[in-house]
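For reference, work.csv is printed below; it contains CSV, N, CA and C atoms.
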```csv
chain,number,residue,atom,x,y,z
A,2,MET,N,28.0,71.4,-36.1
A,2,MET,CA,27.1,70.5,-35.2
A,2,MET,C,26.3,71.3,-34.3
A,3,LYS,N,26.8,72.5,-33.8
A,3,LYS,CA,26.0,73.3,-32.9
A,3,LYS,C,24.8,73.9,-33.6
A,4,SER,N,25.0,74.3,-34.8
A,4,SER,CA,23.8,74.8,-35.6
A,4,SER,C,22.7,73.8,-35.8
A,5,THR,N,23.1,72.5,-36.0
A,5,THR,CA,22.1,71.5,-36.2
A,5,THR,C,21.3,71.3,-34.9
A,6,LEU,N,22.0,71.3,-33.7
A,6,LEU,CA,21.3,71.1,-32.5
A,6,LEU,C,20.5,72.3,-32.2
A,7,PHE,N,21.0,73.5,-32.5
A,7,PHE,CA,20.2,74.7,-32.3
A,7,PHE,C,18.9,74.7,-33.2
A,8,SER,N,19.1,74.3,-34.4
A,8,SER,CA,17.9,74.2,-35.3
A,8,SER,C,16.9,73.2,-34.8
A,9,LEU,N,17.3,72.0,-34.3
A,9,LEU,CA,16.4,71.0,-33.8
A,9,LEU,C,15.7,71.6,-32.5
A,10,LEU,N,16.5,72.2,-31.7
A,10,LEU,CA,15.9,72.8,-30.4
A,10,LEU,C,14.9,73.9,-30.8
A,11,PHE,N,15.2,74.7,-31.8
A,11,PHE,CA,14.3,75.8,-32.2
A,11,PHE,C,13.0,75.1,-32.7
A,12,LEU,N,13.1,74.1,-33.6
A,12,LEU,CA,11.9,73.5,-34.1
A,12,LEU,C,11.1,72.8,-33.0
A,13,LEU,N,11.8,72.1,-32.1
A,13,LEU,CA,11.1,71.5,-31.0
A,13,LEU,C,10.3,72.5,-30.1
A,14,ILE,N,10.9,73.6,-29.8
A,14,ILE,CA,10.2,74.6,-29.0
A,14,ILE,C,9.1,75.2,-29.8
A,15,LEU,N,9.2,75.4,-31.1
A,15,LEU,CA,8.1,75.9,-31.9
A,15,LEU,C,7.0,74.9,-31.9
A,16,PHE,N,7.3,73.6,-32.0
A,16,PHE,CA,6.2,72.6,-32.0
A,16,PHE,C,5.5,72.6,-30.6
A,17,LEU,N,6.3,72.6,-29.6
A,17,LEU,CA,5.7,72.5,-28.2
A,17,LEU,C,4.9,73.7,-27.9
A,18,VAL,N,5.3,74.9,-28.3
A,18,VAL,CA,4.5,76.1,-28.1
A,18,VAL,C,3.2,76.0,-28.9
A,19,SER,N,3.3,75.5,-30.1
A,19,SER,CA,2.1,75.4,-30.9
A,19,SER,C,1.1,74.3,-30.3
A,20,HIS,N,1.7,73.2,-30.0
A,20,HIS,CA,0.8,72.0,-29.6
A,20,HIS,C,0.3,72.2,-28.1
A,21,TYR,N,1.1,72.7,-27.2
A,21,TYR,CA,0.7,72.8,-25.8
A,21,TYR,C,0.2,74.1,-25.3
A,22,ILE,N,0.4,75.2,-26.1
A,22,ILE,CA,-0.1,76.5,-25.7
A,22,ILE,C,-1.1,77.0,-26.7
A,23,PHE,N,-0.8,77.1,-28.0
A,23,PHE,CA,-1.7,77.7,-28.9
A,23,PHE,C,-3.0,76.9,-29.2
A,24,GLU,N,-2.8,75.6,-29.4
A,24,GLU,CA,-3.9,74.7,-29.7
A,24,GLU,C,-4.9,74.6,-28.5
A,25,PRO,N,-4.4,74.2,-27.3
A,25,PRO,CA,-5.4,74.0,-26.2
A,25,PRO,C,-6.2,75.3,-25.8
A,26,THR,N,-5.6,76.5,-26.1
A,26,THR,CA,-6.2,77.7,-25.8
A,26,THR,C,-7.0,78.3,-27.0
A,27,TYR,N,-7.0,77.5,-28.1
A,27,TYR,CA,-7.7,77.9,-29.3
A,27,TYR,C,-7.2,79.2,-29.9
A,28,LEU,N,-6.0,79.6,-29.6
A,28,LEU,CA,-5.4,80.8,-30.1
A,28,LEU,C,-5.4,80.9,-31.7
A,29,TYR,N,-5.2,79.7,-32.3
A,29,TYR,CA,-5.2,79.7,-33.8
A,29,TYR,C,-6.6,80.1,-34.3
A,30,TYR,N,-7.7,79.9,-33.6
A,30,TYR,CA,-9.0,80.3,-34.0
A,30,TYR,C,-9.3,81.7,-33.6
A,31,GLU,N,-8.8,82.1,-32.4
A,31,GLU,CA,-9.0,83.5,-31.9
A,31,GLU,C,-8.2,84.5,-32.7
A,32,LEU,N,-7.0,84.1,-33.0
A,32,LEU,CA,-6.1,85.0,-33.7
A,32,LEU,C,-5.7,84.4,-35.0
A,33,TRP,N,-6.5,84.7,-36.0
A,33,TRP,CA,-6.5,84.1,-37.3
A,33,TRP,C,-5.1,84.2,-38.0
A,34,TRP,N,-4.4,85.3,-37.6
A,34,TRP,CA,-3.1,85.6,-38.2
A,34,TRP,C,-1.9,84.8,-37.6
A,35,LEU,N,-2.1,84.1,-36.4
A,35,LEU,CA,-1.1,83.5,-35.7
A,35,LEU,C,-0.4,82.3,-36.5
A,36,ASP,N,-1.2,81.7,-37.4
A,36,ASP,CA,-0.7,80.6,-38.2
A,36,ASP,C,0.4,81.1,-39.2
A,37,ILE,N,0.3,82.3,-39.6
A,37,ILE,CA,1.2,82.9,-40.6
A,37,ILE,C,2.7,82.9,-40.0
A,38,PRO,N,2.9,83.6,-38.9
A,38,PRO,CA,4.3,83.6,-38.4
A,38,PRO,C,4.8,82.3,-37.9
A,39,MET,N,3.9,81.4,-37.5
A,39,MET,CA,4.3,80.1,-37.1
A,39,MET,C,4.9,79.3,-38.3
A,40,HIS,N,4.2,79.4,-39.4
A,40,HIS,CA,4.7,78.7,-40.6
A,40,HIS,C,6.0,79.3,-41.2
A,41,LEU,N,6.0,80.7,-41.0
A,41,LEU,CA,7.3,81.4,-41.4
A,41,LEU,C,8.4,80.9,-40.6
A,42,LEU,N,8.2,80.9,-39.3
A,42,LEU,CA,9.3,80.4,-38.4
A,42,LEU,C,9.6,79.0,-38.6
A,43,GLY,N,8.6,78.2,-38.9
A,43,GLY,CA,8.8,76.7,-39.1
A,43,GLY,C,9.7,76.6,-40.4
A,44,GLY,N,9.4,77.3,-41.4
A,44,GLY,CA,10.2,77.3,-42.7
A,44,GLY,C,11.6,77.7,-42.4
A,45,LEU,N,11.8,78.7,-41.6
A,45,LEU,CA,13.1,79.2,-41.2
A,45,LEU,C,13.9,78.1,-40.5
A,46,GLY,N,13.2,77.5,-39.5
A,46,GLY,CA,13.9,76.4,-38.8
A,46,GLY,C,14.2,75.2,-39.6
A,47,VAL,N,13.3,74.8,-40.5
A,47,VAL,CA,13.6,73.7,-41.3
A,47,VAL,C,14.7,74.0,-42.3
A,48,GLY,N,14.7,75.2,-42.8
A,48,GLY,CA,15.8,75.6,-43.7
A,48,GLY,C,17.1,75.6,-43.0
A,49,PHE,N,17.2,76.2,-41.8
A,49,PHE,CA,18.5,76.1,-41.1
A,49,PHE,C,18.9,74.7,-40.8
A,50,LEU,N,17.9,73.8,-40.5
A,50,LEU,CA,18.3,72.4,-40.2
A,50,LEU,C,18.8,71.7,-41.4
A,51,ILE,N,18.2,71.9,-42.6
A,51,ILE,CA,18.6,71.2,-43.8
A,51,ILE,C,20.0,71.7,-44.1
A,52,ILE,N,20.3,73.0,-44.0
A,52,ILE,CA,21.6,73.6,-44.4
A,52,ILE,C,22.6,73.1,-43.4
A,53,SER,N,22.3,73.1,-42.1
A,53,SER,CA,23.3,72.7,-41.2
A,53,SER,C,23.7,71.2,-41.3
A,54,VAL,N,22.7,70.4,-41.5
A,54,VAL,CA,22.9,68.9,-41.7
A,54,VAL,C,23.8,68.7,-43.0
A,55,ALA,N,23.5,69.5,-44.0
A,55,ALA,CA,24.3,69.4,-45.2
A,55,ALA,C,25.8,69.8,-45.0
A,56,LYS,N,26.0,70.8,-44.1
A,56,LYS,CA,27.3,71.2,-43.7
A,56,LYS,C,28.1,70.1,-42.9
A,57,VAL,N,27.3,69.5,-42.0
A,57,VAL,CA,27.9,68.4,-41.2
A,57,VAL,C,28.4,67.3,-42.1
A,58,TYR,N,27.7,67.0,-43.1
A,58,TYR,CA,28.0,65.9,-44.0
A,58,TYR,C,28.8,66.4,-45.3
A,59,ASP,N,29.2,67.7,-45.3
A,59,ASP,CA,29.9,68.3,-46.3
A,59,ASP,C,29.3,68.1,-47.7
A,60,LEU,N,28.0,68.3,-47.7
A,60,LEU,CA,27.2,68.2,-49.0
A,60,LEU,C,27.0,69.6,-49.6
A,61,LYS,N,27.2,69.8,-50.8
A,61,LYS,CA,26.9,71.0,-51.5
A,61,LYS,C,25.5,71.0,-52.2
A,62,LEU,N,24.6,71.5,-51.5
A,62,LEU,CA,23.2,71.5,-52.0
A,62,LEU,C,22.8,72.8,-52.7
A,63,SER,N,22.2,72.7,-53.8
A,63,SER,CA,21.7,73.9,-54.5
A,63,SER,C,20.4,74.4,-53.8
A,64,ILE,N,20.0,75.6,-54.1
A,64,ILE,CA,18.7,76.1,-53.6
A,64,ILE,C,17.5,75.2,-54.0
A,65,LEU,N,17.6,74.6,-55.2
A,65,LEU,CA,16.5,73.7,-55.7
A,65,LEU,C,16.5,72.4,-54.8
A,66,GLN,N,17.7,71.9,-54.5
A,66,GLN,CA,17.7,70.6,-53.7
A,66,GLN,C,17.2,70.9,-52.3
A,67,ILE,N,17.6,72.1,-51.8
A,67,ILE,CA,17.1,72.5,-50.4
A,67,ILE,C,15.6,72.6,-50.4
A,68,PHE,N,15.1,73.3,-51.5
A,68,PHE,CA,13.7,73.5,-51.6
A,68,PHE,C,12.9,72.2,-51.7
A,69,ILE,N,13.4,71.2,-52.5
A,69,ILE,CA,12.8,69.9,-52.6
A,69,ILE,C,12.7,69.2,-51.3
A,70,LEU,N,13.8,69.3,-50.5
A,70,LEU,CA,13.8,68.7,-49.2
A,70,LEU,C,12.8,69.4,-48.3
A,71,PHE,N,12.8,70.7,-48.4
A,71,PHE,CA,11.8,71.4,-47.6
A,71,PHE,C,10.4,71.1,-47.9
A,72,MET,N,10.1,70.9,-49.2
A,72,MET,CA,8.7,70.6,-49.7
A,72,MET,C,8.3,69.2,-49.2
A,73,ILE,N,9.2,68.3,-49.0
A,73,ILE,CA,8.9,67.0,-48.5
A,73,ILE,C,8.4,67.2,-47.0
A,74,VAL,N,9.2,68.0,-46.3
A,74,VAL,CA,8.8,68.2,-44.9
A,74,VAL,C,7.5,69.0,-44.8
A,75,ALA,N,7.3,70.0,-45.7
A,75,ALA,CA,6.1,70.8,-45.6
A,75,ALA,C,4.9,70.0,-46.0
A,76,VAL,N,5.0,69.1,-47.0
A,76,VAL,CA,3.8,68.3,-47.3
A,76,VAL,C,3.5,67.3,-46.2
A,77,VAL,N,4.5,66.7,-45.6
A,77,VAL,CA,4.2,65.8,-44.5
A,77,VAL,C,3.6,66.6,-43.3
A,78,TRP,N,4.0,67.8,-43.1
A,78,TRP,CA,3.5,68.6,-42.0
A,78,TRP,C,2.0,68.9,-42.3
A,79,GLU,N,1.7,69.3,-43.6
A,79,GLU,CA,0.3,69.6,-43.9
A,79,GLU,C,-0.6,68.4,-43.8
A,80,ILE,N,-0.1,67.2,-44.2
A,80,ILE,CA,-0.9,66.0,-44.0
A,80,ILE,C,-1.1,65.8,-42.5
A,81,TYR,N,-0.1,66.0,-41.6
A,81,TYR,CA,-0.3,65.9,-40.2
A,81,TYR,C,-1.4,66.9,-39.7
A,82,GLU,N,-1.3,68.2,-40.2
A,82,GLU,CA,-2.3,69.2,-39.8
A,82,GLU,C,-3.7,68.8,-40.3
A,83,TYR,N,-3.8,68.2,-41.5
A,83,TYR,CA,-5.1,67.8,-42.0
A,83,TYR,C,-5.7,66.7,-41.2
A,84,ILE,N,-4.9,65.6,-40.9
A,84,ILE,CA,-5.4,64.5,-40.1
A,84,ILE,C,-5.8,65.0,-38.7
A,85,ARG,N,-5.0,65.8,-38.1
A,85,ARG,CA,-5.3,66.3,-36.8
A,85,ARG,C,-6.6,67.2,-36.8
A,86,GLY,N,-6.7,68.0,-37.9
A,86,GLY,CA,-7.9,68.8,-38.0
A,86,GLY,C,-9.2,67.9,-38.2
A,87,VAL,N,-9.1,66.9,-38.9
A,87,VAL,CA,-10.3,66.0,-39.2
A,87,VAL,C,-10.5,65.2,-37.9
A,88,MET,N,-9.5,64.6,-37.4
A,88,MET,CA,-9.7,63.6,-36.3
A,88,MET,C,-10.0,64.3,-34.9
A,89,VAL,N,-9.3,65.4,-34.7
A,89,VAL,CA,-9.5,66.1,-33.4
A,89,VAL,C,-10.6,67.1,-33.4
A,90,TYR,N,-10.6,68.0,-34.4
A,90,TYR,CA,-11.5,69.1,-34.4
A,90,TYR,C,-12.6,69.0,-35.4
A,91,ASP,N,-12.7,67.9,-36.1
A,91,ASP,CA,-13.8,67.7,-37.1
A,91,ASP,C,-13.8,68.9,-38.1
A,92,ASP,N,-12.6,69.4,-38.4
A,92,ASP,CA,-12.4,70.5,-39.3
A,92,ASP,C,-11.7,70.1,-40.5
A,93,PHE,N,-12.3,70.2,-41.7
A,93,PHE,CA,-11.6,69.9,-42.9
A,93,PHE,C,-10.8,71.1,-43.4
A,94,SER,N,-9.5,70.9,-43.6
A,94,SER,CA,-8.7,72.0,-44.0
A,94,SER,C,-9.1,72.5,-45.4
A,95,LYS,N,-8.9,73.8,-45.6
A,95,LYS,CA,-9.2,74.4,-46.9
A,95,LYS,C,-7.9,74.5,-47.7
A,96,TYR,N,-8.0,74.3,-49.0
A,96,TYR,CA,-6.8,74.3,-49.8
A,96,TYR,C,-6.1,75.6,-49.8
A,97,LEU,N,-6.8,76.7,-49.7
A,97,LEU,CA,-6.1,78.0,-49.7
A,97,LEU,C,-5.2,78.2,-48.5
A,98,ASP,N,-5.7,77.6,-47.3
A,98,ASP,CA,-4.9,77.7,-46.1
A,98,ASP,C,-3.7,76.8,-46.3
A,99,THR,N,-3.8,75.7,-46.9
A,99,THR,CA,-2.6,74.8,-47.1
A,99,THR,C,-1.6,75.5,-48.0
A,100,ILE,N,-2.1,76.1,-49.1
A,100,ILE,CA,-1.2,76.9,-50.0
A,100,ILE,C,-0.5,78.0,-49.3
A,101,LYS,N,-1.3,78.8,-48.5
A,101,LYS,CA,-0.7,79.9,-47.7
A,101,LYS,C,0.4,79.4,-46.7
A,102,ASP,N,0.1,78.2,-46.1
A,102,ASP,CA,1.1,77.7,-45.1
A,102,ASP,C,2.4,77.3,-45.8
A,103,ILE,N,2.3,76.7,-47.0
A,103,ILE,CA,3.5,76.3,-47.8
A,103,ILE,C,4.2,77.5,-48.3
A,104,VAL,N,3.5,78.5,-48.7
A,104,VAL,CA,4.1,79.8,-49.2
A,104,VAL,C,4.9,80.4,-48.1
A,105,MET,N,4.2,80.5,-46.9
A,105,MET,CA,4.9,81.2,-45.8
A,105,MET,C,6.1,80.4,-45.3
A,106,GLY,N,6.0,79.1,-45.3
A,106,GLY,CA,7.2,78.2,-45.0
A,106,GLY,C,8.3,78.4,-46.0
A,107,SER,N,7.9,78.5,-47.3
A,107,SER,CA,8.9,78.7,-48.3
A,107,SER,C,9.6,80.1,-48.1
A,108,LEU,N,8.9,81.1,-47.7
A,108,LEU,CA,9.5,82.4,-47.4
A,108,LEU,C,10.5,82.3,-46.3
A,109,GLY,N,10.1,81.5,-45.2
A,109,GLY,CA,11.1,81.3,-44.1
A,109,GLY,C,12.3,80.5,-44.6
A,110,LEU,N,12.1,79.5,-45.5
A,110,LEU,CA,13.2,78.8,-46.0
A,110,LEU,C,14.1,79.7,-46.8
A,111,TYR,N,13.6,80.6,-47.6
A,111,TYR,CA,14.4,81.5,-48.4
A,111,TYR,C,15.2,82.4,-47.4
A,112,GLY,N,14.5,82.8,-46.3
A,112,GLY,CA,15.2,83.7,-45.3
A,112,GLY,C,16.4,82.9,-44.7
A,113,SER,N,16.3,81.7,-44.4
A,113,SER,CA,17.4,80.9,-43.8
A,113,SER,C,18.5,80.7,-44.9
A,114,TYR,N,18.1,80.5,-46.1
A,114,TYR,CA,19.1,80.3,-47.2
A,114,TYR,C,19.9,81.6,-47.4
A,115,SER,N,19.2,82.7,-47.4
A,115,SER,CA,19.8,84.0,-47.6
A,115,SER,C,20.8,84.3,-46.5
A,116,LEU,N,20.3,84.1,-45.2
A,116,LEU,CA,21.2,84.4,-44.1
A,116,LEU,C,22.4,83.5,-44.0
A,117,THR,N,22.3,82.2,-44.4
A,117,THR,CA,23.5,81.4,-44.3
A,117,THR,C,24.4,81.7,-45.5
A,118,LYS,N,23.9,82.0,-46.7
A,118,LYS,CA,24.8,82.3,-47.8
A,118,LYS,C,25.5,83.7,-47.6
A,119,ARG,N,24.8,84.6,-46.9
A,119,ARG,CA,25.5,85.9,-46.6
A,119,ARG,C,26.7,85.7,-45.6
A,120,LYS,N,26.6,84.7,-44.7
A,120,LYS,CA,27.7,84.5,-43.8
A,120,LYS,C,28.9,83.9,-44.4
A,121,GLN,N,28.7,83.2,-45.6
A,121,GLN,CA,29.8,82.5,-46.2
A,121,GLN,C,30.7,83.4,-47.0
```

Please lay out the structure from this file as structure tokens.
Amino acid sequence: MKSTLFSLLFLLILFLVSHYIFEPTYLYYELWWLDIPMHLLGGLGVGFLIISVAKVYDLKLSILQIFILFMIVAVVWEIYEYIRGVMVYDDFSKYLDTIKDIVMGSLGLYGSYSLTKRKQ
């Protein structure tokens, strides 16, 4: 249960830093590379959250099942980014950026999966 709360707190802090520090100061536009570690950390956090919730409910999830759950979260997040980009910034997302974001998140997911499997 502690790991679930820690994962939620980690994701909340990541979101708040992104939304209230990086976006208002236009750091995502000034530092083009900042989006990469944010999606990597987001994937790591979502991975830890999925794995910890599965442990709480004593579910045995395969890496494929974890990846499918992650992809649902990633697609919803990319839709949020797209809507926010169009509505707030009049910026239409590019497909390559979306693909890069999902790949970086997937690498973070793999990192969380590897770290939790190593501990077992």

Next item on the list: Within 12 Å of segment 19-30 of chain A, counting only C-alpha atoms, which residues show up once you throw out same-chain ones fewer than 4 positions away? Write them as a ChimeraX atom specification, please.
Entry: /A:12-15,34-40,42-43,82,85-86,89-90,92

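Atom pair atom CA of Met105 of chain A / atom CA of Lys56 of chain A: separated by 24.6 Å.
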
Next item on the list: Return as an MDAnalysis selection string the full set of residues in segment 27-97 of chain A whose backbone-based DSSP assignment is helix (DSSP H, G or I).
Entry: chainID A and resid 28:31 33:57 64:88 96:97

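Between atom N of Val76 of chain A and atom N of Leu110 of chain A lies a distance of 12.7 Å.
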
Notebook entry, point to check: If we count all atoms listed in the file, what is near Leu45 of chain A at a cut-off of 6.5 Å, once residues fewer than 4 positions away on the same chain are taken out, given as a VMD selection string?
Noted result: chain A and resid 40 to 41 49 to 50 106 108 to 110 112 to 113

Check: From the set A:Val57, A:Leu116, A:Leu97, A:Leu65, which residue has the shortest atom-to-atom contact distance to Met2 of chain A, counting all atoms listed in the file?
Finding: A:Val57

Next item on the list: Please indicate the distance in Å from atom CA of Ile100 of chain A to atom CA of Leu17 of chain A, rounded to one decimal place.
Entry: 23.3 Å

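Among the candidates A:Thr5, A:Phe11, A:Arg119, A:Tyr83, the one nearest to Tyr58 of chain A when counting only C-alpha atoms is A:Thr5.
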
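Between Thr99 of chain A and the residues A:Trp33, A:Leu9, A:Trp78, A:Lys118, the shortest atom-to-atom distance, using only C-alpha atoms, involves A:Trp78.
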